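Colleague: What follows is my_file_37.cif, made up of mmCIF, C-alpha atoms and all ligand atoms:
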data_final
#
loop_
_atom_site.label_atom_id
_atom_site.label_comp_id
_atom_site.auth_asym_id
_atom_site.auth_seq_id
_atom_site.Cartn_x
_atom_site.Cartn_y
_atom_site.Cartn_z
CA SER A 1 176.06 -9.73 113.66
CA GLN A 2 173.78 -7.55 115.71
CA VAL A 3 176.54 -4.98 116.31
CA GLN A 4 177.02 -4.66 112.58
CA THR A 5 173.29 -4.21 111.96
CA ILE A 6 173.12 -1.42 114.52
CA GLU A 7 176.18 0.12 112.89
CA THR A 8 174.65 0.03 109.37
CA GLU A 9 171.39 1.39 110.73
CA LYS A 10 173.30 4.32 112.26
CA VAL A 11 175.15 5.02 109.03
CA LYS A 12 171.83 5.08 107.20
CA LYS A 13 170.46 7.58 109.70
CA ALA A 14 173.61 9.68 109.48
CA LYS A 15 173.21 9.82 105.72
CA ASN A 16 169.71 11.15 106.16
CA MET A 17 170.70 14.26 108.04
CA ALA A 18 172.45 17.54 107.31
CA PHE A 19 173.18 20.88 108.90
CA ALA A 20 172.87 24.47 107.77
CA PHE A 21 175.11 26.83 109.73
CA ASP A 22 174.80 30.51 110.19
CA ILE A 23 178.27 32.03 110.41
CA ASP A 24 178.37 35.32 112.32
CA GLY A 25 177.49 34.75 115.95
CA VAL A 26 177.63 30.94 115.58
CA LEU A 27 181.07 30.04 114.23
CA VAL A 28 182.86 33.39 114.33
CA HIS A 29 182.61 36.95 115.60
CA GLY A 30 184.04 39.03 112.80
CA ASP A 31 187.44 37.43 112.26
CA ARG A 32 187.57 35.80 115.67
CA LEU A 33 186.84 32.09 116.01
CA ILE A 34 184.15 30.83 118.38
CA PRO A 35 186.15 27.77 119.55
CA GLU A 36 183.14 25.44 119.81
CA GLY A 37 182.57 26.11 116.10
CA ARG A 38 185.80 24.39 115.12
CA LYS A 39 185.00 21.38 117.31
CA ALA A 40 181.48 21.08 115.86
CA LEU A 41 182.83 21.07 112.31
CA GLU A 42 185.52 18.53 113.18
CA ILE A 43 182.80 16.15 114.29
CA LEU A 44 180.83 16.62 111.09
CA ASN A 45 183.95 16.28 108.99
CA GLY A 46 184.44 12.73 110.22
CA GLU A 47 185.66 12.83 113.82
CA ASN A 48 182.64 10.93 115.10
CA GLU A 49 181.92 7.36 116.24
CA LEU A 50 181.00 6.32 112.70
CA GLY A 51 183.95 8.02 111.04
CA ILE A 52 181.51 9.38 108.46
CA LYS A 53 181.13 12.85 106.99
CA ILE A 54 177.84 14.55 107.74
CA PRO A 55 176.90 17.13 105.10
CA HIS A 56 176.64 20.73 106.15
CA ILE A 57 176.22 23.95 104.29
CA PHE A 58 176.89 27.52 105.37
CA LEU A 59 173.99 29.88 104.97
CA THR A 60 175.07 33.37 105.95
CA ASN A 61 173.57 36.80 105.55
CA GLY A 62 177.17 38.00 105.45
CA SER A 63 178.29 39.69 102.28
CA GLY A 64 180.77 41.92 100.54
CA LYS A 65 183.40 39.47 99.30
CA PRO A 66 183.64 37.02 96.42
CA GLU A 67 182.58 33.55 97.61
CA GLN A 68 186.01 31.98 97.10
CA ALA A 69 187.80 34.72 99.04
CA ARG A 70 185.41 34.43 101.98
CA CYS A 71 185.67 30.61 101.96
CA ASP A 72 189.48 30.81 102.05
CA GLN A 73 189.29 33.24 104.95
CA LEU A 74 186.82 31.06 106.88
CA THR A 75 188.85 27.91 106.23
CA LYS A 76 191.78 29.64 107.88
CA ILE A 77 189.83 30.94 110.88
CA LEU A 78 187.91 27.71 111.46
CA GLY A 79 190.77 25.36 110.67
CA GLN A 80 188.19 23.26 108.80
CA PRO A 81 187.45 23.19 105.07
CA VAL A 82 184.78 25.54 103.76
CA HIS A 83 184.13 24.84 100.09
CA VAL A 84 182.32 27.25 97.75
CA ASP A 85 179.93 24.44 96.80
CA GLN A 86 178.64 24.34 100.38
CA PHE A 87 178.55 28.10 100.86
CA ILE A 88 175.82 30.71 100.38
CA GLN A 89 176.24 34.40 101.14
CA SER A 90 173.32 36.81 101.16
CA HIS A 91 174.04 37.99 97.60
CA THR A 92 174.89 34.57 96.13
CA PRO A 93 171.37 33.91 94.73
CA MET A 94 171.38 37.42 93.20
CA SER A 95 173.73 36.16 90.48
CA ALA A 96 170.56 35.09 88.62
CA LEU A 97 169.69 38.79 88.16
CA SER A 98 172.58 39.18 85.72
CA GLU A 99 170.34 37.64 83.07
CA TYR A 100 167.89 40.51 83.41
CA TYR A 101 170.01 43.61 83.93
CA LYS A 102 173.08 44.83 82.10
CA THR A 103 173.96 48.13 83.76
CA VAL A 104 173.57 48.06 87.54
CA LEU A 105 174.51 50.21 90.51
CA VAL A 106 176.10 48.00 93.16
CA VAL A 107 176.13 49.46 96.67
CA GLY A 108 177.96 48.47 99.86
CA GLY A 109 181.06 46.71 101.00
CA GLU A 110 184.68 47.67 101.29
CA GLY A 111 186.07 49.78 98.48
CA TYR A 112 185.41 48.18 95.13
CA LYS A 113 185.12 44.54 96.32
CA CYS A 114 181.43 44.34 95.47
CA ARG A 115 182.28 45.31 91.89
CA GLU A 116 184.36 42.15 91.77
CA VAL A 117 181.47 40.11 93.23
CA ALA A 118 179.10 41.46 90.58
CA GLU A 119 181.62 40.74 87.82
CA GLN A 120 181.83 37.14 88.94
CA TYR A 121 178.04 36.91 88.86
CA GLY A 122 178.13 37.86 85.19
CA PHE A 123 176.89 41.46 85.31
CA LYS A 124 178.22 43.22 82.21
CA ASP A 125 178.29 46.86 83.24
CA ILE A 126 178.81 47.56 86.94
CA VAL A 127 178.70 51.00 88.48
CA VAL A 128 179.61 51.70 92.12
CA PRO A 129 178.91 54.92 94.06
CA ASN A 130 182.56 56.02 93.82
CA ASP A 131 182.31 56.04 90.01
CA ILE A 132 179.46 58.54 90.34
CA ILE A 133 181.31 60.79 92.80
CA ALA A 134 184.43 60.75 90.63
CA TRP A 135 182.25 61.99 87.75
CA ASP A 136 180.24 64.56 89.72
CA PRO A 137 181.40 65.34 93.29
CA THR A 138 178.47 67.76 93.79
CA ILE A 139 176.19 64.73 94.05
CA ALA A 140 177.47 64.06 97.58
CA PRO A 141 178.39 67.51 98.92
CA TYR A 142 179.95 66.39 102.22
CA ARG A 143 181.90 63.46 100.91
CA VAL A 144 185.69 63.61 101.21
CA PHE A 145 187.14 61.58 98.36
CA THR A 146 190.59 60.02 98.90
CA ASP A 147 193.24 59.59 96.20
CA GLU A 148 192.99 55.83 96.56
CA GLU A 149 189.24 55.99 96.00
CA ARG A 150 189.76 58.13 92.94
CA ALA A 151 192.33 55.71 91.56
CA THR A 152 189.95 52.74 91.77
CA SER A 153 186.87 54.54 90.44
CA ARG A 154 185.69 54.50 86.82
CA PRO A 155 184.04 57.82 86.04
CA ARG A 156 182.21 58.50 82.77
CA ASP A 157 179.36 60.76 81.74
CA PHE A 158 176.58 59.16 83.73
CA SER A 159 173.98 61.58 82.41
CA ASN A 160 174.14 59.38 79.29
CA VAL A 161 174.01 56.05 81.09
CA THR A 162 170.80 54.24 81.95
CA ILE A 163 171.13 52.33 85.20
CA GLU A 164 168.66 49.46 85.04
CA ALA A 165 168.62 48.32 88.67
CA ILE A 166 170.09 49.07 92.09
CA LEU A 167 171.63 46.15 93.96
CA VAL A 168 172.56 46.66 97.59
CA PHE A 169 175.02 43.85 98.12
CA SER A 170 176.47 44.70 101.51
CA ASP A 171 176.57 47.18 104.39
CA SER A 172 176.99 50.76 103.30
CA ARG A 173 180.30 52.28 104.40
CA ASP A 174 178.91 55.78 103.95
CA TYR A 175 175.16 56.08 104.56
CA ALA A 176 174.97 59.76 103.54
CA THR A 177 176.54 59.28 100.12
CA ASP A 178 174.90 55.95 99.32
CA MET A 179 171.45 57.12 100.37
CA GLN A 180 171.76 60.31 98.34
CA ILE A 181 172.82 58.39 95.24
CA ILE A 182 170.13 55.73 95.64
CA VAL A 183 167.39 58.30 96.22
CA ASP A 184 168.61 60.29 93.19
CA LEU A 185 168.33 57.19 91.03
CA LEU A 186 164.97 56.10 92.41
CA ARG A 187 163.54 59.55 91.67
CA SER A 188 165.17 59.85 88.25
CA GLU A 189 163.68 59.19 84.84
CA ASN A 190 164.41 55.49 84.33
CA GLY A 191 167.75 55.45 86.13
CA ARG A 192 169.43 58.48 84.56
CA PHE A 193 171.42 60.82 86.83
CA HIS A 194 170.70 64.56 86.55
CA THR A 195 167.03 63.89 85.77
CA MET A 196 163.95 63.94 88.00
CA ALA A 197 160.83 61.97 87.02
CA LYS A 198 157.51 63.79 87.21
CA ASP A 199 155.76 60.68 88.44
CA PRO A 200 157.73 58.88 91.16
CA VAL A 201 156.43 55.41 90.36
CA SER A 202 156.11 54.72 86.63
CA GLN A 203 159.74 55.51 85.75
CA ARG A 204 161.30 54.08 88.86
CA ILE A 205 163.99 51.46 88.49
CA PRO A 206 163.91 48.38 90.77
CA ILE A 207 165.97 48.06 93.94
CA TYR A 208 167.17 44.80 95.52
CA PHE A 209 168.70 44.25 98.95
CA SER A 210 170.84 41.20 99.68
CA GLN A 211 169.51 40.75 103.22
CA GLY A 212 167.29 42.37 105.83
CA ASP A 213 169.00 41.88 109.19
CA LEU A 214 168.58 44.86 111.48
CA LEU A 215 171.52 43.81 113.61
CA CYS A 216 174.78 41.97 113.17
CA PRO A 217 176.90 40.51 115.97
CA THR A 218 180.51 41.76 115.83
CA GLU A 219 183.44 42.15 118.21
CA HIS A 220 181.51 45.01 119.84
CA PRO A 221 179.62 44.10 123.07
CA TYR A 222 176.25 44.94 121.46
CA PRO A 223 175.21 43.96 117.92
CA ARG A 224 175.76 46.63 115.26
CA MET A 225 173.18 47.96 112.76
CA SER A 226 173.12 46.06 109.50
CA GLN A 227 171.59 46.29 106.02
CA GLY A 228 167.99 46.10 107.29
CA ALA A 229 168.50 49.26 109.34
CA PHE A 230 169.96 51.01 106.29
CA ARG A 231 166.95 49.93 104.18
CA ILE A 232 164.42 51.14 106.74
CA GLY A 233 166.14 54.52 106.85
CA LEU A 234 166.11 54.69 103.08
CA GLU A 235 162.44 53.70 102.86
CA ALA A 236 161.48 56.38 105.39
CA MET A 237 163.39 59.06 103.49
CA TYR A 238 161.99 57.97 100.16
CA ARG A 239 158.45 58.05 101.54
CA ALA A 240 158.96 61.50 103.08
CA LEU A 241 160.38 62.89 99.84
CA THR A 242 157.91 61.37 97.38
CA GLY A 243 154.78 60.51 99.35
CA VAL A 244 154.80 56.94 98.05
CA ASP A 245 156.07 53.66 99.42
CA LEU A 246 159.19 52.14 98.00
CA GLU A 247 158.70 48.73 96.45
CA ARG A 248 161.73 46.57 96.92
CA VAL A 249 162.95 42.98 96.93
CA VAL A 250 164.90 41.54 99.83
CA TYR A 251 167.04 38.40 99.64
CA GLY A 252 168.83 36.50 102.42
CA LYS A 253 167.45 34.69 105.44
CA PRO A 254 164.51 34.53 106.23
CA GLU A 255 163.31 35.07 102.64
CA MET A 256 161.90 32.01 100.89
CA ALA A 257 164.09 32.43 97.76
CA THR A 258 167.21 31.97 99.86
CA TYR A 259 165.97 28.72 101.44
CA LYS A 260 164.98 27.37 98.01
CA TYR A 261 168.50 28.15 96.82
CA ALA A 262 169.85 26.47 99.96
CA ASP A 263 167.90 23.30 99.08
CA GLU A 264 169.69 23.10 95.74
CA VAL A 265 173.09 23.60 97.33
CA MET A 266 172.28 21.11 100.08
CA SER A 267 171.18 18.36 97.72
CA SER A 268 174.14 18.74 95.40
CA TRP A 269 176.49 18.72 98.41
CA MET A 270 174.75 15.51 99.56
CA GLY A 271 175.64 14.13 96.13
CA GLU A 272 179.23 15.19 96.60
CA LEU A 273 179.56 13.49 99.99
CA HIS A 274 177.19 10.52 99.77
CA GLY A 275 176.95 10.03 96.01
CA GLU A 276 173.24 10.71 95.92
CA GLU A 277 171.77 14.11 95.06
CA ARG A 278 168.77 14.50 97.31
CA LEU A 279 167.57 16.35 100.36
CA PRO A 280 167.98 14.56 103.68
CA GLU A 281 164.90 14.12 105.84
CA ASN A 282 166.41 15.78 108.90
CA ILE A 283 167.89 19.20 108.41
CA TYR A 284 169.18 21.21 111.35
CA MET A 285 169.72 24.94 111.17
CA VAL A 286 171.99 26.46 113.80
CA GLY A 287 171.64 30.21 114.15
CA ASP A 288 171.93 33.08 116.59
CA ASN A 289 169.31 35.44 115.20
CA PRO A 290 165.67 34.51 115.88
CA ALA A 291 164.43 37.09 113.34
CA SER A 292 166.34 35.57 110.44
CA ASP A 293 167.85 32.12 111.07
CA ILE A 294 165.13 30.72 113.30
CA ILE A 295 161.96 32.16 111.77
CA GLY A 296 163.20 31.17 108.31
CA GLY A 297 164.16 27.64 109.35
CA ASN A 298 160.87 27.15 111.20
CA MET A 299 158.86 28.23 108.15
CA TYR A 300 160.88 25.94 105.95
CA GLY A 301 160.36 22.83 108.10
CA TRP A 302 163.90 22.59 109.37
CA ASN A 303 164.86 21.73 112.94
CA THR A 304 166.02 25.00 114.42
CA CYS A 305 168.69 25.45 117.09
CA LEU A 306 169.21 28.87 118.63
CA VAL A 307 172.59 29.57 120.20
CA ARG A 308 173.57 32.13 122.82
CA THR A 309 176.82 33.25 121.22
CA GLY A 310 175.39 36.01 119.02
CA VAL A 311 172.36 38.28 118.63
CA PHE A 312 170.03 36.31 120.93
CA GLN A 313 170.52 37.24 124.57
CA GLY A 314 167.07 36.36 125.94
CA GLY A 315 165.59 33.81 128.36
CA ASP A 316 164.54 30.17 127.82
CA ASN A 317 163.69 30.65 124.15
CA ASP A 318 162.89 33.56 121.87
CA GLU A 319 159.37 34.82 122.53
CA ASN A 320 158.46 35.71 118.96
CA ASN A 321 160.35 33.06 117.01
CA PRO A 322 161.16 30.17 119.33
CA ALA A 323 163.65 27.61 118.05
CA ASN A 324 161.80 24.32 117.62
CA PHE A 325 164.73 22.05 118.52
CA GLY A 326 165.99 24.12 121.39
CA VAL A 327 168.27 26.82 122.72
CA PHE A 328 171.92 25.94 123.29
CA PRO A 329 174.86 27.72 124.89
CA ASN A 330 176.87 27.23 121.70
CA VAL A 331 177.00 25.45 118.34
CA LEU A 332 178.89 22.41 119.66
CA GLU A 333 176.10 21.58 122.11
CA ALA A 334 173.52 22.01 119.38
CA VAL A 335 175.34 19.65 117.01
CA GLN A 336 175.98 17.03 119.70
CA THR A 337 172.33 17.06 120.77
CA ALA A 338 171.12 16.72 117.19
CA LEU A 339 173.48 13.80 116.58
CA ARG A 340 172.36 12.09 119.78
CA LYS A 341 168.75 12.44 118.72
CA GLN A 342 169.23 11.15 115.17
CA LEU A 343 171.77 8.38 115.57
O1 LIG B 1 173.74 40.66 109.57
C1 LIG B 1 174.88 40.63 108.82
C2 LIG B 1 175.59 39.33 108.67
O2 LIG B 1 176.94 39.53 108.93
C3 LIG B 1 175.04 38.18 109.46
O3 LIG B 1 175.68 37.00 109.04
O4 LIG B 1 176.29 34.64 109.22
O5 LIG B 1 174.91 35.70 110.99
O6 LIG B 1 173.93 35.29 108.76
P1 LIG B 1 175.17 35.58 109.54
MG MG B 2 174.32 35.10 112.74
#
What would the structure in this file look like if it were written as structure tokens?
Ligand code: G3P
Ligand code: MG
Modeller:
Amino acid sequence: SQVQTIETEKVKKAKNMAFAFDIDGVLVHGDRLIPEGRKALEILNGENELGIKIPHIFLTNGSGKPEQARCDQLTKILGQPVHVDQFIQSHTPMSALSEYYKTVLVVGGEGYKCREVAEQYGFKDIVVPNDIIAWDPTIAPYRVFTDEERATSRPRDFSNVTIEAILVFSDSRDYATDMQIIVDLLRSENGRFHTMAKDPVSQRIPIYFSQGDLLCPTEHPYPRMSQGAFRIGLEAMYRALTGVDLERVVYGKPEMATYKYADEVMSSWMGELHGEERLPENIYMVGDNPASDIIGGNMYGWNTCLVRTGVFQGGDNDENNPANFGVFPNVLEAVQTALRKQL
């Protein structure tokens, strides 16, 4: 019958669309749920007129926890399933670097959690700033080291260890110490502490940052400085100290590598839900940060939806990076509008 044909047509359309969600400022603020986020996910998880699941992935510049731990936490907050196979944190694509580097300095995050992240990515020898301080406290003269920090650190004679790369995985919890240690390593002879290279460039080890956001929405009324602000500070110091620019690699939104990785995750999640591994024609990105979510999605040919629950607090649309599908008060309105358009 005609009703059935319309129904099948709609199912076909539904199977040709997917969403990519930013997390902070769209679905949650820190550990606090944005209620419309739960409702939006319920709809995509099958509570819609077709009773069909609409694939969605989570593409966050958030960081600092193993993927499984963060997914468990988000599942609890959102009351909706968040599976690791549909989940990308800023440092997730950096796991590929474990093929190239054995001994790495991993910076950022709470305590030693990023050591755990790096272990799961397959890095063989992981050093964190606390290991360095436990070996030589004079490296960071103003740092007060707690007993707990000492207990979880793994000191050894780092003057004999060659650090091959620096990986900033998450927000620094102590700018002064982390910047000192990073600058020491960048200026050293091939990543050896207690050395200073004569030429700042030829013996410099590479540095990677997991994302470049200047600001991050939190429970605080105004967004807080994030990894991008830390990097800019570090670059300025490095330039002032050496006279040369710091070459670096940045991952996360809006970098191309992250969207390419997202494509892979998206198509395999399509396979999981619809039995066919491919990219849908209509992809919607819902984000709160024009400078990462929206610019990246626009460049990548996605339909971009900017919401007002996070970093963006402007007028009709962002002036520099306008969302091409529209600006919405919250994620639920964005999802409903996209579904109305497609189905
Ligand atoms: O900027 C830091 C990070 O917490 C932002 O996460 O989910 O908004 O990409 P998200
Ligand atoms: Mg966000």
Colleague: Go ahead and compute the interatomic distance for CA of Ser90 in chain A and CA of Pro155 in chain A, in Å to one decimal.
Modeller: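 Rounded to one decimal, the two atoms are 28.0 Å apart.
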Colleague: Quote the spacing between CA of Ile232 in chain A and CA of Val183 in chain A in Å to one decimal place.
Modeller: 13.1 Å
Colleague: Neighbours of ligand LIG 1 (chain B) at 6 Å or closer, counting all atoms listed in the file: which residues, as a count of residues only?
Modeller: 11
Colleague: Distance CA of Ile133 in chain A-CA of Leu167 in chain A, one decimal place?
Modeller: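 Interatomic distance here is 17.6 Å.
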Colleague: Restricting the calculation to all atoms listed in the file, which member of A:Phe312, A:Trp135, A:Phe123, A:Trp302 is positioned closest to ligand MG 2 (chain B)?
Modeller: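 Of A:Phe312, A:Trp135, A:Phe123, A:Trp302, the one nearest ligand MG 2 (chain B) is A:Phe312, counting all atoms listed in the file.
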Colleague: For range 247-257 of chain A, what centre and edge lengths in Å (one decimal) does the axis-aligned box get once 3 Å is added on each side of all its listed atoms, as AutoDock Vina command-line options?
Modeller:
--center_x 163.8 --center_y 40.4 --center_z 101.3 --size_x 16.1 --size_y 22.7 --size_z 15.8
Colleague: Determine, counting all atoms listed in the file, which protein, DNA and RNA residues have an atom within 12 Å of an atom of Ala257 in chain A; residues of the same chain fewer than 2 positions away are not included. Present the result as a PyMOL selection string.
Modeller: chain A and resi 90-94+96+210-211+249-255+259-264+296+300
Colleague: Point out the residue among A:Arg340, A:Lys15, A:Arg173, A:Lys113 with the least atom-to-atom distance to Phe230 in chain A, counting all atoms listed in the file.
Modeller: A:Arg173
Colleague: Here's a test: counting all atoms listed in the file, identify every protein, DNA and RNA residue with an atom at most 12 Å from (169.1, 47.4, 110.4) in the file's coordinate frame, and state them as a list in words.
Modeller: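 Applying the cut-off with all atoms listed in the file, one gets Ser170, Asp171, Ser172, Phe209, Gln211, Gly212, Asp213, Leu214, Leu215, Cys216, Pro217, Pro223, Arg224, Met225, Ser226, Gln227, Gly228, Ala229, Phe230, Arg231, Ile232, Gly233, Leu234, Glu235 and Ala291 of chain A.
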Colleague: List the residues sitting within 9 Å of (171.7, 47.1, 95.5) in the file's frame, using all atoms listed in the file, as a CSV table (one decimal) with C-alpha atoms, keeping the file's coordinate frame.
Modeller:
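Generated output (out-v2.csv):
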chain,number,residue,atom,x,y,z
A,104,VAL,CA,173.6,48.1,87.5
A,105,LEU,CA,174.5,50.2,90.5
A,106,VAL,CA,176.1,48.0,93.2
A,107,VAL,CA,176.1,49.5,96.7
A,108,GLY,CA,178.0,48.5,99.9
A,165,ALA,CA,168.6,48.3,88.7
A,166,ILE,CA,170.1,49.1,92.1
A,167,LEU,CA,171.6,46.2,94.0
A,168,VAL,CA,172.6,46.7,97.6
A,169,PHE,CA,175.0,43.8,98.1
A,170,SER,CA,176.5,44.7,101.5
A,182,ILE,CA,170.1,55.7,95.6
A,207,ILE,CA,166.0,48.1,93.9
A,208,TYR,CA,167.2,44.8,95.5
A,209,PHE,CA,168.7,44.2,99.0
A,210,SER,CA,170.8,41.2,99.7
Colleague: Which of these residues is nearest to Lys53 in chain A, using all atoms listed in the file: A:Tyr175, A:His274, A:Thr337, A:Pro329?
Modeller: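 Among the listed residues, A:His274 lies closest to Lys53 in chain A.
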Colleague: Can you work out which one of A:Val161, A:Ile52, A:Ala240, A:Leu59 has the shortest atom-to-atom distance to ligand MG 2 (chain B), counting only C-alpha atoms and all ligand atoms?
Modeller: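 Closest to ligand MG 2 (chain B), using only C-alpha atoms and all ligand atoms: A:Leu59.
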